[in-house]
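Source file: coords_8.txt. Holds: compact mmCIF, C-alpha atoms.
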# COMPACT_ATOMS: atom_id res chain seq x y z
CA MET A 176 -17.25 -36.07 -97.65
CA ALA A 177 -18.43 -35.25 -101.13
CA GLU A 178 -16.07 -36.30 -103.88
CA ASN A 179 -15.04 -33.97 -106.70
CA GLY A 180 -17.81 -34.00 -109.28
CA THR A 181 -20.47 -35.06 -106.78
CA VAL A 182 -22.96 -32.35 -105.90
CA THR A 183 -23.34 -31.82 -102.16
CA THR A 184 -26.81 -32.57 -100.75
CA ASP A 185 -25.99 -31.77 -97.13
CA PHE A 186 -23.26 -30.07 -95.11
CA ILE A 187 -21.41 -30.96 -91.94
CA LEU A 188 -20.94 -27.90 -89.75
CA MET A 189 -17.52 -28.14 -88.10
CA GLY A 190 -18.25 -25.49 -85.48
CA PHE A 191 -15.33 -24.36 -83.30
CA GLN A 192 -13.49 -27.71 -83.10
CA LEU A 193 -12.43 -27.27 -79.46
CA ARG A 194 -11.81 -29.75 -76.67
CA ALA A 195 -14.95 -31.35 -75.24
CA GLU A 196 -14.82 -29.42 -71.94
CA LEU A 197 -14.41 -26.10 -73.78
CA GLN A 198 -17.28 -26.98 -76.12
CA MET A 199 -19.59 -27.62 -73.16
CA GLY A 200 -18.41 -24.41 -71.50
CA LEU A 201 -19.27 -22.45 -74.64
CA PHE A 202 -22.61 -24.26 -74.83
CA PHE A 203 -23.69 -22.91 -71.44
CA VAL A 204 -22.29 -19.43 -72.14
CA PHE A 205 -24.24 -19.15 -75.42
CA LEU A 206 -27.35 -20.63 -73.81
CA ILE A 207 -27.28 -17.96 -71.09
CA VAL A 208 -26.62 -15.22 -73.67
CA TYR A 209 -29.55 -16.48 -75.79
CA LEU A 210 -31.93 -16.50 -72.81
CA ILE A 211 -30.86 -12.96 -71.86
CA THR A 212 -31.40 -11.90 -75.48
CA MET A 213 -34.91 -13.34 -75.55
CA VAL A 214 -35.92 -11.88 -72.17
CA GLY A 215 -34.35 -8.47 -72.88
CA ASN A 216 -35.85 -7.97 -76.34
CA LEU A 217 -39.26 -9.44 -75.49
CA GLY A 218 -39.29 -7.27 -72.36
CA MET A 219 -38.51 -4.19 -74.45
CA ILE A 220 -41.37 -4.94 -76.86
CA VAL A 221 -43.86 -5.53 -74.01
CA LEU A 222 -42.68 -2.40 -72.19
CA ILE A 223 -43.14 -0.24 -75.29
CA GLN A 224 -46.62 -1.64 -75.88
CA CYS A 225 -47.72 -1.20 -72.26
CA ASP A 226 -46.46 2.31 -71.48
CA LEU A 227 -48.29 5.24 -73.13
CA HIS A 228 -45.22 7.48 -72.80
CA LEU A 229 -43.34 5.12 -75.10
CA GLN A 230 -45.95 5.27 -77.87
CA THR A 231 -43.71 7.47 -80.04
CA PRO A 232 -42.03 6.92 -83.43
CA MET A 233 -38.61 6.32 -81.85
CA TYR A 234 -39.91 3.49 -79.68
CA PHE A 235 -42.01 2.13 -82.55
CA PHE A 236 -38.77 1.65 -84.49
CA LEU A 237 -37.04 0.31 -81.38
CA SER A 238 -39.72 -2.35 -80.95
CA HIS A 239 -39.02 -3.53 -84.51
CA LEU A 240 -35.28 -3.55 -83.76
CA SER A 241 -35.98 -5.78 -80.75
CA LEU A 242 -38.14 -8.08 -82.90
CA LEU A 243 -35.33 -8.32 -85.45
CA ASP A 244 -32.79 -9.14 -82.75
CA ILE A 245 -35.02 -11.97 -81.53
CA CYS A 246 -35.30 -13.38 -85.06
CA TYR A 247 -31.63 -12.72 -85.86
CA SER A 248 -30.45 -14.59 -82.77
CA SER A 249 -32.97 -17.41 -83.22
CA VAL A 250 -31.77 -18.09 -86.76
CA ILE A 251 -28.24 -18.78 -85.49
CA VAL A 252 -28.04 -19.65 -81.78
CA PRO A 253 -30.27 -22.78 -81.48
CA GLN A 254 -28.27 -24.42 -84.26
CA LEU A 255 -25.02 -23.21 -82.65
CA LEU A 256 -26.06 -24.84 -79.37
CA GLU A 257 -26.90 -28.08 -81.18
CA SER A 258 -23.54 -28.00 -82.93
CA LEU A 259 -21.66 -27.45 -79.66
CA GLY A 260 -23.60 -30.26 -78.00
CA THR A 261 -22.85 -32.78 -80.78
CA ASP A 262 -19.39 -31.50 -81.87
CA LYS A 263 -20.38 -31.81 -85.54
CA MET A 264 -23.77 -31.27 -87.07
CA VAL A 265 -25.30 -32.36 -90.38
CA ILE A 266 -27.49 -29.74 -92.03
CA SER A 267 -29.39 -30.35 -95.25
CA TYR A 268 -28.79 -28.25 -98.36
CA GLU A 269 -32.33 -26.84 -98.14
CA ARG A 270 -32.04 -25.98 -94.45
CA CYS A 271 -28.68 -24.33 -95.11
CA ALA A 272 -30.20 -22.18 -97.88
CA THR A 273 -33.16 -21.29 -95.63
CA GLN A 274 -30.87 -20.25 -92.79
CA PHE A 275 -28.74 -18.18 -95.18
CA PHE A 276 -31.86 -16.43 -96.49
CA PHE A 277 -33.26 -15.50 -93.08
CA PHE A 278 -29.85 -14.53 -91.73
CA THR A 279 -29.36 -12.18 -94.71
CA PHE A 280 -32.91 -10.86 -94.34
CA CYS A 281 -32.49 -10.02 -90.64
CA ALA A 282 -29.06 -8.44 -91.13
CA SER A 283 -30.23 -6.36 -94.12
CA THR A 284 -33.39 -5.21 -92.35
CA GLU A 285 -31.35 -4.17 -89.30
CA CYS A 286 -29.08 -2.08 -91.56
CA PHE A 287 -32.04 -0.27 -93.08
CA LEU A 288 -33.84 0.08 -89.75
CA LEU A 289 -30.82 1.69 -88.07
CA ALA A 290 -30.77 4.17 -90.97
CA VAL A 291 -34.49 4.87 -90.48
CA MET A 292 -33.88 5.45 -86.77
CA ALA A 293 -31.10 7.94 -87.63
CA TYR A 294 -33.54 9.82 -89.87
CA ASP A 295 -36.07 9.81 -87.03
CA ARG A 296 -33.47 11.40 -84.70
CA TYR A 297 -32.66 13.98 -87.40
CA VAL A 298 -36.30 15.06 -87.65
CA ALA A 299 -36.68 15.12 -83.84
CA VAL A 300 -33.57 17.27 -83.29
CA CYS A 301 -33.54 19.50 -86.38
CA ASN A 302 -37.29 19.97 -86.90
CA PRO A 303 -38.88 19.39 -83.47
CA LEU A 304 -41.97 21.48 -84.21
CA LEU A 305 -42.70 19.43 -87.33
CA TYR A 306 -41.83 16.06 -85.75
CA ALA A 307 -45.40 15.00 -85.00
CA THR A 308 -46.67 15.95 -88.46
CA THR A 309 -43.66 14.44 -90.25
CA MET A 310 -43.40 11.11 -88.42
CA THR A 311 -47.07 10.18 -88.65
CA PRO A 312 -48.19 6.56 -88.09
CA GLN A 313 -48.46 6.15 -91.86
CA THR A 314 -44.94 7.51 -92.40
CA ARG A 315 -43.29 5.32 -89.79
CA LEU A 316 -45.16 2.26 -91.06
CA GLY A 317 -44.03 3.09 -94.60
CA LEU A 318 -40.40 3.47 -93.49
CA VAL A 319 -40.41 0.13 -91.66
CA SER A 320 -42.18 -1.58 -94.58
CA GLY A 321 -39.55 -0.16 -96.93
CA ALA A 322 -36.80 -1.58 -94.72
CA TYR A 323 -38.38 -5.04 -94.79
CA ALA A 324 -39.06 -4.88 -98.54
CA GLY A 325 -35.50 -3.80 -99.39
CA ALA A 326 -34.11 -6.58 -97.20
CA MET A 327 -36.39 -9.13 -98.87
CA VAL A 328 -35.15 -8.20 -102.36
CA ASN A 329 -31.53 -8.34 -101.20
CA SER A 330 -32.04 -11.72 -99.49
CA VAL A 331 -33.72 -13.34 -102.48
CA ILE A 332 -30.97 -12.24 -104.89
CA ARG A 333 -28.06 -13.09 -102.55
CA THR A 334 -29.51 -16.51 -101.69
CA GLY A 335 -30.23 -17.27 -105.35
CA CYS A 336 -26.69 -16.30 -106.40
CA THR A 337 -25.06 -18.24 -103.57
CA PHE A 338 -26.99 -21.48 -103.93
CA SER A 339 -26.82 -21.56 -107.71
CA ILE A 340 -23.12 -22.33 -107.19
CA SER A 341 -22.11 -26.01 -107.32
CA PHE A 342 -20.62 -27.28 -104.04
CA CYS A 343 -18.66 -30.46 -104.63
CA LYS A 344 -15.15 -29.98 -103.20
CA SER A 345 -16.34 -31.14 -99.78
CA ASN A 346 -19.41 -31.08 -97.57
CA HIS A 347 -17.44 -30.07 -94.44
CA LEU A 348 -18.42 -26.45 -93.76
CA ASP A 349 -15.78 -25.01 -91.42
CA PHE A 350 -18.13 -22.63 -89.63
CA PHE A 351 -20.99 -22.68 -87.11
CA PHE A 352 -23.73 -21.60 -89.54
CA CYS A 353 -24.26 -21.27 -93.29
CA ASP A 354 -22.41 -18.05 -94.08
CA LEU A 355 -21.01 -16.83 -97.38
CA PRO A 356 -17.17 -17.04 -96.95
CA PRO A 357 -17.06 -20.71 -95.82
CA LEU A 358 -19.62 -21.70 -98.47
CA LEU A 359 -17.51 -20.16 -101.22
CA LYS A 360 -14.55 -22.31 -100.12
CA LEU A 361 -16.55 -25.41 -101.08
CA ALA A 362 -17.44 -24.19 -104.58
CA CYS A 363 -16.17 -26.19 -107.53
CA SER A 364 -17.69 -23.97 -110.22
CA GLU A 365 -16.75 -20.45 -111.30
CA THR A 366 -17.93 -18.08 -108.57
CA ARG A 367 -16.51 -14.68 -109.56
CA PRO A 368 -19.56 -13.32 -111.44
CA ARG A 369 -21.89 -14.32 -108.58
CA GLU A 370 -19.43 -13.09 -105.96
CA ARG A 371 -19.41 -9.67 -107.64
CA VAL A 372 -23.20 -9.49 -107.43
CA ILE A 373 -23.25 -10.72 -103.82
CA TYR A 374 -20.58 -8.31 -102.60
CA LEU A 375 -22.03 -5.46 -104.65
CA LEU A 376 -25.37 -5.95 -102.89
CA ALA A 377 -23.65 -6.04 -99.50
CA PHE A 378 -21.77 -2.87 -100.42
CA LEU A 379 -24.96 -1.10 -101.53
CA VAL A 380 -26.93 -2.09 -98.41
CA ILE A 381 -24.18 -1.09 -96.01
CA THR A 382 -23.05 2.10 -97.76
CA THR A 383 -26.62 3.32 -98.36
CA SER A 384 -27.51 2.78 -94.71
CA ILE A 385 -24.29 4.37 -93.44
CA SER A 386 -24.73 7.34 -95.80
CA VAL A 387 -28.20 8.04 -94.41
CA ILE A 388 -26.86 7.71 -90.86
CA LEU A 389 -23.84 9.97 -91.47
CA ILE A 390 -25.86 12.67 -93.26
CA SER A 391 -28.51 12.59 -90.52
CA TYR A 392 -25.90 12.96 -87.78
CA LEU A 393 -24.08 15.70 -89.68
CA PHE A 394 -27.25 17.81 -89.52
CA ILE A 395 -27.85 16.74 -85.91
CA ILE A 396 -24.35 17.87 -84.88
CA GLN A 397 -24.84 21.19 -86.64
CA ALA A 398 -28.14 21.68 -84.78
CA ILE A 399 -26.54 20.77 -81.43
CA LEU A 400 -23.66 23.24 -81.97
CA LYS A 401 -26.19 26.05 -82.42
CA ILE A 402 -27.64 25.40 -78.95
CA HIS A 403 -26.17 27.86 -76.43
CA SER A 404 -26.99 26.03 -73.19
CA ALA A 405 -24.49 23.30 -72.27
CA GLY A 406 -27.23 21.40 -70.43
CA SER A 407 -29.52 21.49 -73.47
CA LYS A 408 -26.67 20.31 -75.69
CA ALA A 409 -25.99 17.34 -73.43
CA LYS A 410 -29.71 16.48 -73.20
CA THR A 411 -30.15 16.63 -76.99
CA PHE A 412 -27.02 14.55 -77.58
CA SER A 413 -28.12 11.95 -75.03
CA THR A 414 -31.24 11.22 -77.11
CA CYS A 415 -28.94 9.99 -79.90
CA ALA A 416 -26.25 8.29 -77.81
CA SER A 417 -27.94 4.87 -77.62
CA HIS A 418 -28.54 4.76 -81.36
CA MET A 419 -24.96 5.83 -82.12
CA THR A 420 -23.64 3.05 -79.88
CA ALA A 421 -25.83 0.42 -81.57
CA VAL A 422 -24.75 1.67 -85.03
CA ALA A 423 -21.04 1.56 -84.15
CA LEU A 424 -21.26 -2.01 -82.81
CA PHE A 425 -23.37 -3.44 -85.63
CA PHE A 426 -21.79 -1.80 -88.67
CA GLY A 427 -18.25 -2.11 -87.31
CA THR A 428 -18.43 -5.89 -87.23
CA LEU A 429 -20.53 -6.16 -90.41
CA ILE A 430 -18.02 -4.12 -92.41
CA PHE A 431 -15.16 -6.30 -91.13
CA ILE A 432 -16.85 -9.48 -92.35
CA TYR A 433 -18.52 -8.50 -95.61
CA LEU A 434 -16.43 -5.74 -97.12
CA LYS A 435 -12.99 -7.22 -96.50
CA GLY A 436 -13.55 -10.12 -98.94
CA ASN A 437 -11.18 -13.09 -98.86
CA MET A 438 -7.95 -11.31 -97.97
CA GLY A 439 -6.14 -13.98 -95.98
CA LYS A 440 -7.92 -13.41 -92.70
CA SER A 441 -8.11 -16.52 -90.55
CA LEU A 442 -11.38 -18.41 -90.43
CA MET A 443 -11.22 -18.49 -86.62
CA GLU A 444 -11.05 -14.69 -86.65
CA ASP A 445 -14.19 -14.64 -88.80
CA LYS A 446 -15.91 -17.04 -86.39
CA ILE A 447 -15.15 -14.83 -83.38
CA VAL A 448 -16.37 -11.67 -85.13
CA SER A 449 -19.48 -13.50 -86.39
CA VAL A 450 -20.28 -14.65 -82.84
CA PHE A 451 -20.09 -11.01 -81.75
CA TYR A 452 -22.64 -9.67 -84.22
CA THR A 453 -24.96 -12.70 -84.38
CA VAL A 454 -24.98 -13.62 -80.67
CA VAL A 455 -23.64 -10.77 -78.53
CA ILE A 456 -25.04 -7.63 -80.22
CA PRO A 457 -28.69 -8.83 -80.12
CA MET A 458 -28.21 -9.25 -76.35
CA LEU A 459 -26.57 -5.82 -75.94
CA ASN A 460 -29.12 -3.72 -77.86
CA PRO A 461 -31.91 -3.76 -75.22
CA MET A 462 -29.30 -3.01 -72.55
CA ILE A 463 -27.93 -0.08 -74.55
CA TYR A 464 -31.39 1.41 -75.05
CA SER A 465 -32.54 0.82 -71.46
CA LEU A 466 -29.43 1.72 -69.45
CA ARG A 467 -28.91 5.00 -71.33
CA ASN A 468 -32.56 6.02 -71.56
CA LYS A 469 -34.47 7.72 -68.74
CA GLU A 470 -37.89 7.10 -70.33
CA VAL A 471 -37.30 3.35 -70.54
CA LYS A 472 -36.01 3.30 -66.96
CA GLU A 473 -39.10 5.16 -65.73
CA ALA A 474 -41.42 2.82 -67.65
CA LEU A 475 -39.63 -0.20 -66.20
CA LYS A 476 -39.93 1.21 -62.67
CA LYS A 477 -43.68 1.71 -63.16
CA VAL A 478 -44.12 -1.88 -64.34
CA LEU A 479 -42.09 -3.25 -61.42
CA ASN A 480 -44.06 -1.10 -58.94
CA ARG A 481 -47.35 -2.39 -60.38
CA MET A 482 -46.10 -5.95 -60.00
CA ARG A 483 -45.15 -5.32 -56.36
CA VAL A 484 -48.53 -3.74 -55.60
CA SER A 485 -50.38 -6.65 -57.24
CA GLN A 486 -48.33 -9.14 -55.20
CA VAL A 487 -49.12 -7.31 -51.94
CA GLU A 488 -52.84 -7.22 -52.76
So, in terms of structure tokens, how does the structure I just supplied come out?
Amino acid sequence: MAENGTVTTDFILMGFQLRAELQMGLFFVFLIVYLITMVGNLGMIVLIQCDLHLQTPMYFFLSHLSLLDICYSSVIVPQLLESLGTDKMVISYERCATQFFFFTFCASTECFLLAVMAYDRYVAVCNPLLYATTMTPQTRLGLVSGAYAGAMVNSVIRTGCTFSISFCKSNHLDFFFCDLPPLLKLACSETRPRERVIYLLAFLVITTSISVILISYLFIIQAILKIHSAGSKAKTFSTCASHMTAVALFFGTLIFIYLKGNMGKSLMEDKIVSVFYTVVIPMLNPMIYSLRNKEVKEALKKVLNRMRVSQVE
């Protein structure tokens, strides 16, 4: 443990601090979830690339969402598995900062990308005749590049602010990865000015993304209400249902963690919620978009049929 006045050069991740049998049980649960996440998201990317009917802007954005979920999960889960297998895990200061940067980058990009996908649904529903000319390859590439660029700026500033703080109270990080709330508990220097910047950035990223999503869906709902046929209404709404589900899951948990601040919530509660959005949601996204999407189902059936025919031949 670092003594007061001694700058921390590495951290000890405390993980979940459960009994050995429960730790091993969680290890296998998270391992299975991680494998499902990798297979599901890689499968979605391959499916989109292989099927001509999925070569549309919506699936272009979805392939990037799947790529982000792979990276997002890979930043956290392998280390989580190592921590569960060893009970405690030493992580260097530099590795901790690197993990924090990439975790922030993936989370920020996903926020922006979900907003871009909402805008895509707005154009498709409200201006269907102009959809092809509006969402050109150059436009969609520009939107995705903007999402990555905005996330990069946010990640650089947040990481710089966080790791310019002196950590010398202890090197025992009571969490399963390098996240902001547990890091701030180890600070022995004044953190309020940096905290304001960090939480302001989180507020701007989340509120900007949610604003775009809400405005897009406000126009979408207005367009749906003008449709007279009940069947057409349901069909139009179904094209947005998967995205709405993904948005509710991701932003619901993100808001709980990053906009509540340090308001006396238990650290175990934070751990459980963090597991949900860093481990579970990346696994659920490909399921949400495949189980509720006829085009993806049809593409998957075609691929499976081709595999069966090739095996018979």
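Rounded to one decimal, CA of Thr284 in chain A and CA of Ala326 in chain A lie 5.1 Å from each other.
Counting only C-alpha atoms, the residue from A:Leu305, A:Ala293, A:Met213, A:Val372 that sits nearest to Ser417 in chain A is A:Ala293.
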Task: Residue neighbourhood Ala416 in chain A, 12 Å, all atoms listed in the file, exclusion window fewer than 5 positions, as a ChimeraX atom specification - done: /A:293,296,392,395,409-411,421-423,463-468
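Taking CA of Gln274 in chain A and CA of Val204 in chain A as endpoints, the distance between them is 22.4 Å.
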Open item on the list: When you count all atoms listed in the file, which of these residues is closest to Tyr247 in chain A: A:Ala362, A:Val265, A:Val319, A:Ala282?
Closed with: A:Ala282
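For the set A:Leu424, A:Ile187, A:Leu429, A:Cys286, the residue with the smallest atom-to-atom gap to Asn460 in chain A is A:Leu424, counting only C-alpha atoms.
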Open item on the list: I'd like the contact shell of Arg315 in chain A - 9 Å cut-off, all atoms listed in the file, skipping same-chain residues fewer than 5 positions apart - returned as a ChimeraX atom specification.
Closed with: /A:232,235-236,291,295,310,320
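In this structure, CA of Phe191 in chain A sits 20.2 Å away from CA of Arg270 in chain A.
With only C-alpha atoms as the atoms that count, the minimum distance from Cys301 in chain A to the choices A:Thr183, A:Gln397, A:Ser267, A:Ser407 is reached by A:Gln397.
Each of A:Ala272, A:Ala405, A:Met327, A:Met458 was compared to Ile340 in chain A using all atoms listed in the file, and A:Ala272 turns out to be the nearest.
For the set A:Leu255, A:Cys281, A:Val387, A:Leu379, the residue with the smallest atom-to-atom gap to Val450 in chain A is A:Leu255, counting all atoms listed in the file.
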Task: Contacts of Gly427 in chain A at 12 Å (only C-alpha atoms; same-chain gap of 2+ positions) as an MDAnalysis selection string - done: chainID A and resid 286 381 385 419:425 429:435 448:449 451:452 456
Can I get the selection written as a tab-separated table (two decimals), keeping the file's coordinate frame, with C-alpha atoms?
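Saved result, result.tsv, follows:
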chain	number	residue	atom	x	y	z
A	286	CYS	CA	-29.08	-2.08	-91.56
A	381	ILE	CA	-24.18	-1.09	-96.01
A	385	ILE	CA	-24.29	4.37	-93.44
A	419	MET	CA	-24.96	5.83	-82.12
A	420	THR	CA	-23.64	3.05	-79.88
A	421	ALA	CA	-25.83	0.42	-81.57
A	422	VAL	CA	-24.75	1.67	-85.03
A	423	ALA	CA	-21.04	1.56	-84.15
A	424	LEU	CA	-21.26	-2.01	-82.81
A	425	PHE	CA	-23.37	-3.44	-85.63
A	429	LEU	CA	-20.53	-6.16	-90.41
A	430	ILE	CA	-18.02	-4.12	-92.41
A	431	PHE	CA	-15.16	-6.30	-91.13
A	432	ILE	CA	-16.85	-9.48	-92.35
A	433	TYR	CA	-18.52	-8.50	-95.61
A	434	LEU	CA	-16.43	-5.74	-97.12
A	435	LYS	CA	-12.99	-7.22	-96.50
A	448	VAL	CA	-16.37	-11.67	-85.13
A	449	SER	CA	-19.48	-13.50	-86.39
A	451	PHE	CA	-20.09	-11.01	-81.75
A	452	TYR	CA	-22.64	-9.67	-84.22
A	456	ILE	CA	-25.04	-7.63	-80.22
Would you compute an axis-aligned box for range 289-305 of chain A, covering every atom listed for it in the file with 6 Å of margin on each side, and report centre and edge lengths in Å to one decimal as AutoDock Vina command-line options?
--center_x -36.7 --center_y 11.6 --center_z -87.1 --size_x 23.9 --size_y 31.8 --size_z 19.7
Skip Thr337 in chain A itself and residues of its chain fewer than 2 positions away, then list as a CSV table (one decimal) with C-alpha atoms, in the frame of the given file all residues within 12 Å of it, counting all atoms listed in the file.
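This went into result_39.csv:
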chain,number,residue,atom,x,y,z
A,268,TYR,CA,-28.8,-28.2,-98.4
A,271,CYS,CA,-28.7,-24.3,-95.1
A,272,ALA,CA,-30.2,-22.2,-97.9
A,273,THR,CA,-33.2,-21.3,-95.6
A,275,PHE,CA,-28.7,-18.2,-95.2
A,276,PHE,CA,-31.9,-16.4,-96.5
A,279,THR,CA,-29.4,-12.2,-94.7
A,330,SER,CA,-32.0,-11.7,-99.5
A,331,VAL,CA,-33.7,-13.3,-102.5
A,332,ILE,CA,-31.0,-12.2,-104.9
A,333,ARG,CA,-28.1,-13.1,-102.6
A,334,THR,CA,-29.5,-16.5,-101.7
A,335,GLY,CA,-30.2,-17.3,-105.4
A,339,SER,CA,-26.8,-21.6,-107.7
A,340,ILE,CA,-23.1,-22.3,-107.2
A,341,SER,CA,-22.1,-26.0,-107.3
A,342,PHE,CA,-20.6,-27.3,-104.0
A,353,CYS,CA,-24.3,-21.3,-93.3
A,354,ASP,CA,-22.4,-18.0,-94.1
A,355,LEU,CA,-21.0,-16.8,-97.4
A,356,PRO,CA,-17.2,-17.0,-97.0
A,357,PRO,CA,-17.1,-20.7,-95.8
A,358,LEU,CA,-19.6,-21.7,-98.5
A,359,LEU,CA,-17.5,-20.2,-101.2
A,360,LYS,CA,-14.6,-22.3,-100.1
A,361,LEU,CA,-16.6,-25.4,-101.1
A,362,ALA,CA,-17.4,-24.2,-104.6
A,364,SER,CA,-17.7,-24.0,-110.2
A,365,GLU,CA,-16.8,-20.4,-111.3
A,366,THR,CA,-17.9,-18.1,-108.6
A,367,ARG,CA,-16.5,-14.7,-109.6
A,368,PRO,CA,-19.6,-13.3,-111.4
A,369,ARG,CA,-21.9,-14.3,-108.6
A,370,GLU,CA,-19.4,-13.1,-106.0
A,371,ARG,CA,-19.4,-9.7,-107.6
A,372,VAL,CA,-23.2,-9.5,-107.4
A,373,ILE,CA,-23.2,-10.7,-103.8
A,374,TYR,CA,-20.6,-8.3,-102.6
- [ ] Please identify all polymer residues within 10 Å of range 195-201 of chain A, counting only C-alpha atoms, omitting same-chain residues fewer than 5 positions from it, and present them as a PyMOL selection string.
- [x] chain A and resi 190+206-207+255-256+258-262
